[in-house]
>>> print(open('coords.cif').read())   # mmCIF, C-alpha atoms and all ligand atoms
data_upload
#
loop_
_atom_site.label_atom_id
_atom_site.label_comp_id
_atom_site.auth_asym_id
_atom_site.auth_seq_id
_atom_site.Cartn_x
_atom_site.Cartn_y
_atom_site.Cartn_z
CA MET D 1 2.41 18.51 -25.52
CA ALA D 2 -0.29 17.56 -23.00
CA SER D 3 -3.96 18.20 -23.80
CA PRO D 4 -5.92 20.79 -21.75
CA GLY D 5 -7.00 19.45 -18.37
CA THR D 6 -4.07 17.04 -18.16
CA LEU D 7 -3.12 16.60 -14.50
CA LYS D 8 0.41 17.86 -13.77
CA VAL D 9 1.92 15.56 -11.17
CA ALA D 10 4.93 15.92 -8.87
CA VAL D 11 6.33 12.52 -7.83
CA VAL D 12 8.11 12.59 -4.45
CA GLY D 13 10.64 9.76 -4.10
CA THR D 14 12.14 8.25 -7.24
CA GLY D 15 13.22 4.84 -5.94
CA LYS D 16 11.67 1.51 -6.98
CA MET D 17 8.01 2.54 -6.64
CA GLY D 18 8.41 6.24 -7.51
CA ALA D 19 10.30 5.52 -10.74
CA ASP D 20 7.72 2.88 -11.67
CA HIS D 21 4.87 5.34 -11.04
CA VAL D 22 6.63 7.92 -13.25
CA ARG D 23 6.81 5.33 -16.05
CA ARG D 24 3.16 4.42 -15.45
CA ILE D 25 1.94 8.03 -15.62
CA GLN D 26 4.01 8.76 -18.74
CA GLU D 27 3.51 5.53 -20.65
CA VAL D 28 0.55 3.53 -19.36
CA ILE D 29 -2.33 5.60 -18.04
CA SER D 30 -4.10 8.63 -19.49
CA GLY D 31 -4.94 12.14 -18.31
CA ALA D 32 -1.73 13.00 -16.47
CA ARG D 33 1.94 13.76 -16.98
CA VAL D 34 4.88 14.12 -14.60
CA THR D 35 6.09 17.72 -14.41
CA ALA D 36 8.40 17.45 -11.36
CA VAL D 37 10.23 14.76 -9.44
CA VAL D 38 11.74 15.02 -5.97
CA ASP D 39 14.37 12.92 -4.23
CA VAL D 40 16.81 13.65 -1.40
CA ASP D 41 19.27 11.92 -3.71
CA ALA D 42 19.68 14.75 -6.26
CA GLU D 43 21.38 12.55 -8.85
CA ARG D 44 18.56 10.01 -8.75
CA ALA D 45 15.95 12.76 -9.21
CA LYS D 46 17.90 14.22 -12.14
CA ALA D 47 18.27 10.83 -13.80
CA VAL D 48 14.50 10.19 -13.62
CA ALA D 49 13.63 13.76 -14.73
CA ALA D 50 15.96 13.43 -17.72
CA ARG D 51 13.72 10.64 -19.09
CA VAL D 52 10.61 12.88 -19.10
CA ASP D 53 10.09 15.91 -21.39
CA GLY D 54 9.72 19.17 -19.46
CA CYS D 55 10.16 17.53 -16.03
CA THR D 56 12.13 19.40 -13.34
CA ALA D 57 14.22 17.72 -10.59
CA HIS D 58 14.15 18.83 -6.93
CA THR D 59 15.44 17.72 -3.53
CA ASP D 60 12.77 19.51 -1.47
CA PRO D 61 9.11 18.40 -1.84
CA ALA D 62 7.75 21.83 -0.76
CA GLU D 63 9.82 23.57 -3.47
CA ALA D 64 8.42 21.27 -6.17
CA MET D 65 4.86 21.75 -4.91
CA ALA D 66 5.28 25.54 -5.10
CA SER D 67 5.67 25.31 -8.89
CA ALA D 68 2.78 26.60 -11.01
CA ASP D 69 3.37 23.51 -13.14
CA VAL D 70 2.19 21.11 -10.39
CA ASP D 71 -1.44 20.43 -9.52
CA ALA D 72 -1.26 17.04 -7.79
CA VAL D 73 1.31 14.99 -5.82
CA LEU D 74 2.19 11.31 -5.77
CA ILE D 75 4.23 10.45 -2.63
CA ALA D 76 6.54 7.44 -2.97
CA SER D 77 9.26 8.31 -0.46
CA PRO D 78 9.82 6.01 2.57
CA GLY D 79 7.00 5.97 5.17
CA PRO D 80 8.79 8.19 7.75
CA ALA D 81 8.99 11.00 5.13
CA HIS D 82 5.25 10.90 4.27
CA GLU D 83 3.92 13.18 7.03
CA ALA D 84 6.09 16.16 6.00
CA ALA D 85 5.22 15.72 2.31
CA LEU D 86 1.49 15.37 3.09
CA LEU D 87 1.48 18.53 5.23
CA ALA D 88 3.34 20.41 2.47
CA ALA D 89 0.67 19.29 -0.03
CA PHE D 90 -2.13 20.32 2.36
CA ALA D 91 -0.53 23.78 2.70
CA ARG D 92 -1.00 24.17 -1.08
CA ASP D 93 -4.37 22.36 -1.11
CA LEU D 94 -3.01 19.80 -3.59
CA PRO D 95 -4.63 16.37 -4.05
CA VAL D 96 -2.36 13.46 -3.12
CA LEU D 97 -1.87 9.78 -3.86
CA CYS D 98 0.28 8.58 -0.93
CA GLU D 99 1.96 5.17 -1.06
CA LYS D 100 1.35 2.92 1.92
CA PRO D 101 1.92 3.25 4.81
CA LEU D 102 0.20 6.62 5.33
CA THR D 103 2.76 7.18 8.12
CA PRO D 104 4.74 4.72 10.28
CA ASP D 105 2.78 5.11 13.55
CA ALA D 106 -0.67 5.99 14.87
CA ALA D 107 0.30 9.37 16.41
CA SER D 108 1.69 10.75 13.14
CA ALA D 109 -1.26 9.28 11.17
CA LEU D 110 -3.61 11.05 13.59
CA ARG D 111 -1.78 14.36 13.00
CA VAL D 112 -2.31 13.92 9.25
CA LEU D 113 -5.97 13.06 9.87
CA GLN D 114 -6.43 16.22 12.01
CA ALA D 115 -4.73 18.31 9.30
CA GLU D 116 -7.01 16.92 6.58
CA LEU D 117 -10.06 17.40 8.82
CA SER D 118 -9.12 21.06 9.23
CA LEU D 119 -9.22 21.41 5.40
CA GLY D 120 -12.84 20.23 5.67
CA ARG D 121 -12.63 17.76 2.77
CA ARG D 122 -10.64 14.72 1.70
CA ARG D 123 -7.43 15.38 -0.27
CA VAL D 124 -5.67 11.99 0.03
CA GLN D 125 -6.00 8.55 -1.55
CA VAL D 126 -3.74 6.03 0.25
CA GLY D 127 -1.88 3.50 -1.93
CA PHE D 128 -3.46 0.25 -0.77
CA MET D 129 -3.39 -1.09 -4.31
CA ARG D 130 -4.87 -4.51 -3.57
CA ARG D 131 -8.30 -2.82 -3.59
CA TYR D 132 -7.74 -2.38 -7.36
CA ASP D 133 -6.52 -5.94 -8.06
CA THR D 134 -8.94 -7.92 -10.28
CA GLU D 135 -8.98 -10.96 -8.00
CA TYR D 136 -9.51 -8.98 -4.78
CA VAL D 137 -12.23 -6.91 -6.48
CA LYS D 138 -14.03 -10.14 -7.50
CA LEU D 139 -13.76 -11.50 -3.97
CA LYS D 140 -15.11 -8.27 -2.47
CA SER D 141 -18.01 -8.19 -4.99
CA LEU D 142 -18.95 -11.78 -4.14
CA LEU D 143 -18.87 -11.13 -0.38
CA ASP D 144 -20.97 -8.00 -0.85
CA THR D 145 -23.75 -10.01 -2.57
CA GLY D 146 -24.25 -11.91 0.70
CA GLN D 147 -24.60 -15.25 -1.21
CA LEU D 148 -21.93 -16.90 0.95
CA GLY D 149 -23.42 -15.62 4.19
CA ARG D 150 -21.50 -14.02 7.03
CA PRO D 151 -17.66 -14.19 6.82
CA LEU D 152 -16.29 -16.16 9.78
CA LEU D 153 -12.60 -16.63 8.98
CA LEU D 154 -10.05 -15.14 6.57
CA HIS D 155 -6.80 -16.97 5.82
CA ASN D 156 -4.01 -14.95 4.15
CA ARG D 157 -0.61 -15.97 2.85
CA HIS D 158 1.92 -13.30 1.90
CA ARG D 159 5.31 -14.49 0.64
CA ASN D 160 8.23 -12.54 -0.81
CA LEU D 161 11.24 -14.04 -2.59
CA ALA D 162 13.86 -12.41 -0.30
CA SER D 163 14.00 -9.42 2.03
CA PRO D 164 16.07 -6.41 0.91
CA PRO D 165 19.20 -5.40 2.88
CA GLY D 166 18.43 -3.68 6.17
CA TRP D 167 15.08 -5.46 6.65
CA THR D 168 13.98 -5.90 10.29
CA SER D 169 11.46 -8.14 12.05
CA GLU D 170 9.20 -5.10 12.61
CA MET D 171 9.12 -4.41 8.86
CA LEU D 172 7.29 -7.70 8.27
CA ILE D 173 4.40 -6.08 10.15
CA ASN D 174 4.76 -2.41 9.10
CA ASP D 175 5.66 -2.90 5.41
CA SER D 176 4.12 -6.26 4.52
CA VAL D 177 1.22 -7.31 6.81
CA VAL D 178 0.01 -3.69 6.53
CA HIS D 179 -1.65 -4.88 3.27
CA GLU D 180 -3.53 -7.72 5.02
CA MET D 181 -4.71 -5.22 7.64
CA ASP D 182 -6.17 -3.07 4.88
CA VAL D 183 -7.78 -5.92 2.93
CA THR D 184 -9.26 -7.39 6.13
CA ARG D 185 -10.97 -4.09 6.97
CA TRP D 186 -12.05 -3.54 3.36
CA LEU D 187 -13.24 -7.08 2.51
CA LEU D 188 -15.10 -7.65 5.77
CA GLY D 189 -16.17 -4.04 6.41
CA GLN D 190 -15.00 -4.46 10.03
CA GLU D 191 -12.36 -2.86 12.25
CA ILE D 192 -9.52 -4.91 13.73
CA THR D 193 -9.76 -4.94 17.53
CA GLY D 194 -6.83 -7.12 18.57
CA ILE D 195 -3.61 -8.60 17.16
CA THR D 196 -1.32 -11.46 18.20
CA VAL D 197 2.00 -12.11 16.47
CA LEU D 198 3.38 -15.64 16.81
CA ARG D 199 7.04 -16.41 16.15
CA PRO D 200 7.89 -19.81 14.66
CA THR D 201 11.54 -20.87 14.50
CA PRO D 202 13.08 -18.51 11.91
CA SER D 203 14.04 -19.87 8.51
CA ALA D 204 17.74 -20.54 8.06
CA ASN D 205 17.41 -18.32 4.96
CA ALA D 206 16.32 -15.25 6.97
CA PRO D 207 19.05 -12.64 7.59
CA ASP D 208 20.56 -12.71 11.08
CA ALA D 209 18.13 -11.71 13.83
CA VAL D 210 15.16 -11.30 11.46
CA GLN D 211 12.08 -13.14 12.73
CA ASP D 212 10.86 -14.65 9.46
CA PRO D 213 8.27 -16.14 9.03
CA GLN D 214 5.65 -14.74 11.43
CA PHE D 215 2.06 -15.88 11.96
CA VAL D 216 -0.31 -13.03 12.71
CA LEU D 217 -3.85 -13.24 14.12
CA PHE D 218 -6.45 -10.44 14.03
CA GLU D 219 -9.80 -10.30 15.76
CA THR D 220 -12.44 -7.97 14.32
CA ASP D 221 -15.38 -6.07 15.79
CA GLY D 222 -17.69 -8.30 13.72
CA GLY D 223 -16.37 -11.44 15.43
CA ALA D 224 -14.22 -12.73 12.55
CA ILE D 225 -10.80 -14.31 13.09
CA VAL D 226 -8.10 -13.60 10.49
CA ASP D 227 -4.72 -15.30 10.14
CA THR D 228 -1.78 -14.20 8.00
CA GLU D 229 1.40 -16.09 7.26
CA ILE D 230 4.07 -13.56 6.37
CA PHE D 231 7.27 -15.09 4.99
CA VAL D 232 9.60 -12.63 3.24
CA ASN D 233 12.46 -15.03 2.46
CA CYS D 234 10.45 -17.91 1.00
CA GLY D 235 13.03 -18.28 -1.78
CA PHE D 236 10.71 -19.21 -4.67
CA GLY D 237 8.81 -16.05 -5.63
CA TYR D 238 6.07 -13.60 -4.70
CA GLN D 239 2.76 -15.08 -3.62
CA VAL D 240 -0.35 -13.46 -2.13
CA GLN D 241 -3.37 -15.63 -1.38
CA ALA D 242 -6.61 -15.14 0.53
CA GLU D 243 -9.46 -17.47 1.44
CA VAL D 244 -12.65 -16.31 3.13
CA VAL D 245 -14.68 -18.92 5.01
CA CYS D 246 -18.33 -17.94 5.28
CA GLU D 247 -21.46 -19.54 6.70
CA ARG D 248 -22.53 -21.01 3.35
CA GLY D 249 -19.26 -21.47 1.46
CA THR D 250 -15.71 -20.29 0.86
CA ALA D 251 -13.96 -18.15 -1.74
CA ARG D 252 -10.25 -18.19 -2.48
CA ILE D 253 -7.94 -16.04 -4.64
CA GLY D 254 -4.25 -16.01 -5.47
CA ASP D 255 -3.81 -19.44 -7.06
CA GLY D 256 -4.27 -18.18 -10.60
CA HIS D 257 -1.60 -18.57 -13.23
CA ALA D 258 -1.74 -16.71 -16.52
CA MET D 259 -0.73 -19.86 -18.39
CA VAL D 260 -0.39 -23.53 -17.52
CA THR D 261 1.99 -25.64 -19.61
CA THR D 262 2.06 -29.41 -19.94
CA MET D 263 5.33 -30.99 -20.97
CA ALA D 264 7.49 -34.06 -20.32
CA GLY D 265 5.04 -35.67 -17.92
CA ARG D 266 4.49 -32.53 -15.79
CA TRP D 267 2.11 -29.58 -15.78
CA GLY D 268 2.50 -26.18 -14.16
CA GLY D 269 2.89 -22.44 -14.40
CA THR D 270 5.23 -19.73 -13.18
CA VAL D 271 5.23 -17.78 -9.92
CA ALA D 272 5.62 -13.96 -10.01
CA GLN D 273 8.94 -12.78 -8.62
CA ASP D 274 7.90 -9.52 -6.98
CA PHE D 275 5.02 -7.15 -6.29
CA VAL D 276 5.72 -4.99 -9.35
CA GLU D 277 4.98 -8.05 -11.51
CA ARG D 278 2.11 -9.54 -9.44
CA PHE D 279 0.26 -6.26 -8.90
CA ALA D 280 1.17 -4.44 -12.15
CA ASP D 281 -2.48 -4.15 -13.24
CA ALA D 282 -3.58 -3.10 -9.76
CA TYR D 283 -1.04 -0.24 -9.65
CA ASP D 284 -2.18 0.87 -13.13
CA ARG D 285 -5.84 0.89 -12.10
CA GLU D 286 -5.06 2.57 -8.78
CA VAL D 287 -3.18 5.47 -10.36
CA GLN D 288 -5.73 5.80 -13.20
CA ALA D 289 -8.57 5.93 -10.66
CA TRP D 290 -6.73 8.67 -8.72
CA VAL D 291 -6.07 10.72 -11.87
CA ASP D 292 -9.68 10.37 -13.08
CA ALA D 293 -11.16 11.29 -9.69
CA THR D 294 -8.79 14.23 -9.29
CA ARG D 295 -9.67 15.60 -12.72
CA ARG D 296 -13.35 15.42 -11.73
CA GLY D 297 -12.51 17.31 -8.52
CA GLU D 298 -13.19 14.23 -6.39
CA VAL D 299 -11.20 12.05 -3.97
CA GLY D 300 -11.90 8.32 -3.66
CA GLY D 301 -10.25 5.04 -2.66
CA PRO D 302 -8.59 4.26 0.66
CA SER D 303 -8.73 7.29 2.96
CA VAL D 304 -6.62 8.86 5.67
CA TRP D 305 -8.95 7.11 8.14
CA ASP D 306 -7.98 3.77 6.57
CA GLY D 307 -4.30 4.77 6.82
CA TYR D 308 -4.73 5.76 10.47
CA ALA D 309 -6.67 2.60 11.43
CA VAL D 310 -4.02 0.40 9.86
CA ALA D 311 -1.20 2.40 11.53
CA ALA D 312 -2.83 1.69 14.90
CA VAL D 313 -2.98 -2.05 14.12
CA CYS D 314 0.69 -1.99 13.00
CA GLU D 315 1.72 -0.33 16.25
CA ALA D 316 -0.14 -2.95 18.30
CA GLY D 317 1.36 -5.70 16.10
CA VAL D 318 4.91 -4.50 16.71
CA ARG D 319 4.20 -4.54 20.47
CA SER D 320 2.89 -8.09 20.25
CA LEU D 321 5.96 -9.13 18.23
CA ARG D 322 8.32 -7.65 20.84
CA GLU D 323 6.48 -8.49 24.06
CA GLY D 324 4.36 -11.49 23.05
CA GLY D 325 0.63 -12.01 23.61
CA ARG D 326 -2.47 -10.27 22.31
CA VAL D 327 -2.47 -6.49 22.07
CA ALA D 328 -5.76 -4.57 21.82
CA VAL D 329 -6.16 -1.96 19.08
CA GLU D 330 -7.59 1.37 20.23
CA LEU D 331 -8.95 3.88 17.69
CA VAL D 332 -10.28 7.41 18.13
CA GLU D 333 -13.90 7.97 17.13
CA ARG D 334 -14.34 7.89 13.35
CA PRO D 335 -15.00 11.45 12.07
CA ALA D 336 -18.02 12.03 9.81
CA LEU D 337 -15.71 13.04 6.93
CA TYR D 338 -14.68 9.37 6.69
CA ALA D 339 -18.13 7.85 7.10
CA VAL D 340 -17.77 5.91 3.82
CA SER D 341 -14.35 4.59 2.76
N1 LIG D 401 2.08 -0.62 -2.74
C1 LIG D 401 3.10 -1.46 -2.75
O1 LIG D 401 2.96 -2.65 -3.07
C2 LIG D 401 4.45 -0.99 -2.41
C3 LIG D 401 4.60 0.22 -1.77
N2 LIG D 401 5.83 0.62 -1.38
C4 LIG D 401 5.91 1.91 -0.68
O2 LIG D 401 6.43 2.90 -1.57
C5 LIG D 401 7.25 3.81 -0.86
C6 LIG D 401 8.64 3.81 -1.48
O3 LIG D 401 9.16 2.50 -1.44
P1 LIG D 401 10.36 2.05 -2.43
O4 LIG D 401 10.20 2.72 -3.74
O5 LIG D 401 10.39 0.56 -2.37
O6 LIG D 401 11.62 2.65 -1.67
P2 LIG D 401 13.03 3.05 -2.30
O7 LIG D 401 13.98 3.02 -1.16
O8 LIG D 401 13.32 2.23 -3.50
O9 LIG D 401 12.83 4.56 -2.78
C7 LIG D 401 12.59 5.61 -1.90
C8 LIG D 401 13.19 6.87 -2.52
O10 LIG D 401 12.79 8.00 -1.74
C9 LIG D 401 13.92 8.84 -1.56
N3 LIG D 401 13.71 9.64 -0.36
C10 LIG D 401 14.04 9.37 0.93
N4 LIG D 401 13.62 10.37 1.75
C11 LIG D 401 13.01 11.28 0.95
C12 LIG D 401 12.38 12.52 1.20
N5 LIG D 401 12.28 13.01 2.44
N6 LIG D 401 11.89 13.22 0.15
C13 LIG D 401 11.99 12.73 -1.11
N7 LIG D 401 12.58 11.55 -1.41
C14 LIG D 401 13.07 10.84 -0.39
C15 LIG D 401 15.11 7.90 -1.50
O11 LIG D 401 16.32 8.57 -1.80
C16 LIG D 401 14.70 6.86 -2.57
O12 LIG D 401 15.14 7.25 -3.84
C17 LIG D 401 7.20 3.37 0.61
O13 LIG D 401 6.19 4.08 1.26
C18 LIG D 401 6.84 1.89 0.51
O14 LIG D 401 6.20 1.38 1.66
C19 LIG D 401 6.95 -0.08 -1.67
C20 LIG D 401 6.86 -1.26 -2.32
C21 LIG D 401 5.61 -1.83 -2.76
O1 LIG D 402 4.31 -3.04 -0.12
C1 LIG D 402 5.09 -3.91 -0.37
C2 LIG D 402 6.49 -3.92 0.09
O2 LIG D 402 6.81 -2.69 0.72
C3 LIG D 402 6.68 -5.06 1.09
O3 LIG D 402 8.02 -5.16 1.41
C4 LIG D 402 6.21 -6.37 0.49
O4 LIG D 402 6.28 -7.38 1.47
C5 LIG D 402 4.79 -6.27 -0.01
O5 LIG D 402 4.43 -7.49 -0.59
C6 LIG D 402 4.68 -5.15 -1.04
O6 LIG D 402 3.38 -5.07 -1.55
#
>>> encode(input="coords.cif", output="structure tokens")
Amino acid sequence: MASPGTLKVAVVGTGKMGADHVRRIQEVISGARVTAVVDVDAERAKAVAARVDGCTAHTDPAEAMASADVDAVLIASPGPAHEAALLAAFARDLPVLCEKPLTPDAASALRVLQAELSLGRRRVQVGFMRRYDTEYVKLKSLLDTGQLGRPLLLHNRHRNLASPPGWTSEMLINDSVVHEMDVTRWLLGQEITGITVLRPTPSANAPDAVQDPQFVLFETDGGAIVDTEIFVNCGFGYQVQAEVVCERGTARIGDGHAMVTTMAGRWGGTVAQDFVERFADAYDREVQAWVDATRRGEVGGPSVWDGYAVAAVCEAGVRSLREGGRVAVELVERPALYAVS
């Protein structure tokens, strides 16, 4: 039995991330429990619900949100389904943690932004979990002290073991580099104004017709240049690294290994195999922060503005990938509701 004040959460989408968030809420974090799960695949929803005491299974997000036993929503369905689920949550004035991307394109992200603006207050935290990762938090704290001086360059590397079936060249931008877009804006406190996607010869290990790797350049309104190598069939593991070059020094994250062993004339560690392993702590802290803020009646973390700004960069990035060359990023004026993100 949950204690009074426990947040009753509906989880929409019970695939890889949704099922992991259900486990996290039930077994890892405090202050919340899962009371409903939703999936268009009814059998999958039932299987996940069966593992949680008192949890109901649904195929329609709006039906689950109508339950008196739900007071917050975690959206972990695919990006194209997010807008409908977000609008259903707004209709019930429910707080939301929405997995990235907020929505798959700038127009739909702007509709969500307008809908939240018409509520007059923030209801959504967007799931850019790197903002909760210990290493990224340390890097951000150091940059914010100003000791290193002005950031001039940011180098990112983002490697996945292998792309899942059905992966496309555009998904390297929309599903993967979307994280570097968010951390660039967050770490530097600057908006991205232009993007260029370069296409090296694809790896022989990339599925047919998938442009992998890609090399992506951002320019920012503060004059920084940011590069990201995205390689989703690197074949050896999951690796995310970032190095900021500033006027008086550099700072780099992502090389850490939990343990280094020395044996038989060699030393070394292991490489994580996927994001669930690499960012486990970050997901825990992200969901705990959402639960804690929601129970205090507050909303924090990455906002709908952040989701919209990144959606606009993704859209420009996909155009650059398809047509070549630099594509400018155009944003609407930032509303006062999102003055601090
Ligand atoms: N923060 C991160 O590092 C990561 C975030 N994600 C994000 O999490 C979300 C889910 O991704 P995965 O779990 O990897 O996908 P998945 O394909 O494993 O699971 C998605 C689930 O949603 C269900 N679904 C589809 N349409 C639905 C709808 N309209 N309503 C309810 N359920 C629906 C599917 O049947 C499936 O069970 C995506 O937004 C993705 O971008 C995914 C991986 C890592
Ligand atoms: O969000 C994620 C996935 O959707 C995406 O496919 C991966 O490339 C990212 O590393 C992961 O964090």
>>> axis_aligned_box(input="coords.cif", around="ligand LIG 402 (chain D)", padding_each_side="5 Å", output="lines of an AutoDock Vina configuration file")
center_x = 5.7
center_y = -5.1
center_z = 0.0
size_x = 14.6
size_y = 14.8
size_z = 13.0
>>> residues_around(input="coords.cif", residues="Ala66 of chain D", least_positions_apart="4", cutoff="10 Å", atoms="all atoms listed in the file", output="list in words")
Pro61, Ala62, Val70, Asp71, Ala88, Ala89, Ala91 and Arg92 of chain D
>>> atom_distance(input="coords.cif", atom1="atom CA of Arg295 of chain D", atom2="atom CA of Arg334 of chain D")
27.6 Å
>>> residues_around(input="coords.cif", residues="segment 48-50 of chain D", least_positions_apart="4", cutoff="9 Å", atoms="all atoms listed in the file", output="PyMOL selection string")
chain D and resi 14+19+22+34-37+43-44+54-57
>>> closest_atom_pairs(input="coords.cif", of="segment 41-152 of chain D", to="segment 173-186 of chain D", cutoff="9 Å", atoms="all atoms listed in the file", output="tab-separated table")
residue	atom	partner	partner_atom	distance
D:Gly79	CA	D:Asp175	CA	9.0
D:Lys100	CA	D:Asp175	CA	8.0
D:Pro101	CA	D:Asp175	CA	7.2
D:Pro104	CA	D:Asn174	CA	7.2
D:Asp105	CA	D:Asn174	CA	9.0
D:Phe128	CA	D:His179	CA	6.8
D:Met129	CA	D:His179	CA	8.7
D:Arg130	CA	D:Val183	CA	7.3
D:Arg131	CA	D:Val183	CA	7.2
D:Tyr136	CA	D:Val183	CA	8.5
D:Lys140	CA	D:Trp186	CA	8.1
>>> residues_near_ligand(input="coords.cif", ligand="ligand LIG 401 (chain D)", cutoff="6 Å", atoms="only C-alpha atoms and all ligand atoms", output="MDAnalysis selection string")
chainID D and resid 12:18 38:41 76:79 81 99:101 127:129 175 275
>>> residues_around(input="coords.cif", residues="Glu323 of chain D", least_positions_apart="3", cutoff="12 Å", atoms="all atoms listed in the file", output="list in words")
Thr196, Val197, Leu198, Arg199, Ala316, Gly317, Val318, Arg319, Ser320, Arg326 and Val327 of chain D
>>> atom_distance(input="coords.cif", atom1="atom CA of Ala68 of chain D", atom2="atom CA of Asp93 of chain D")
12.9 Å
>>> closest_residue(input="coords.cif", among="D:Glu229, D:Glu298, D:Glu243, D:Asp144", to="ligand LIG 402 (chain D)", atoms="all atoms listed in the file")
D:Glu229
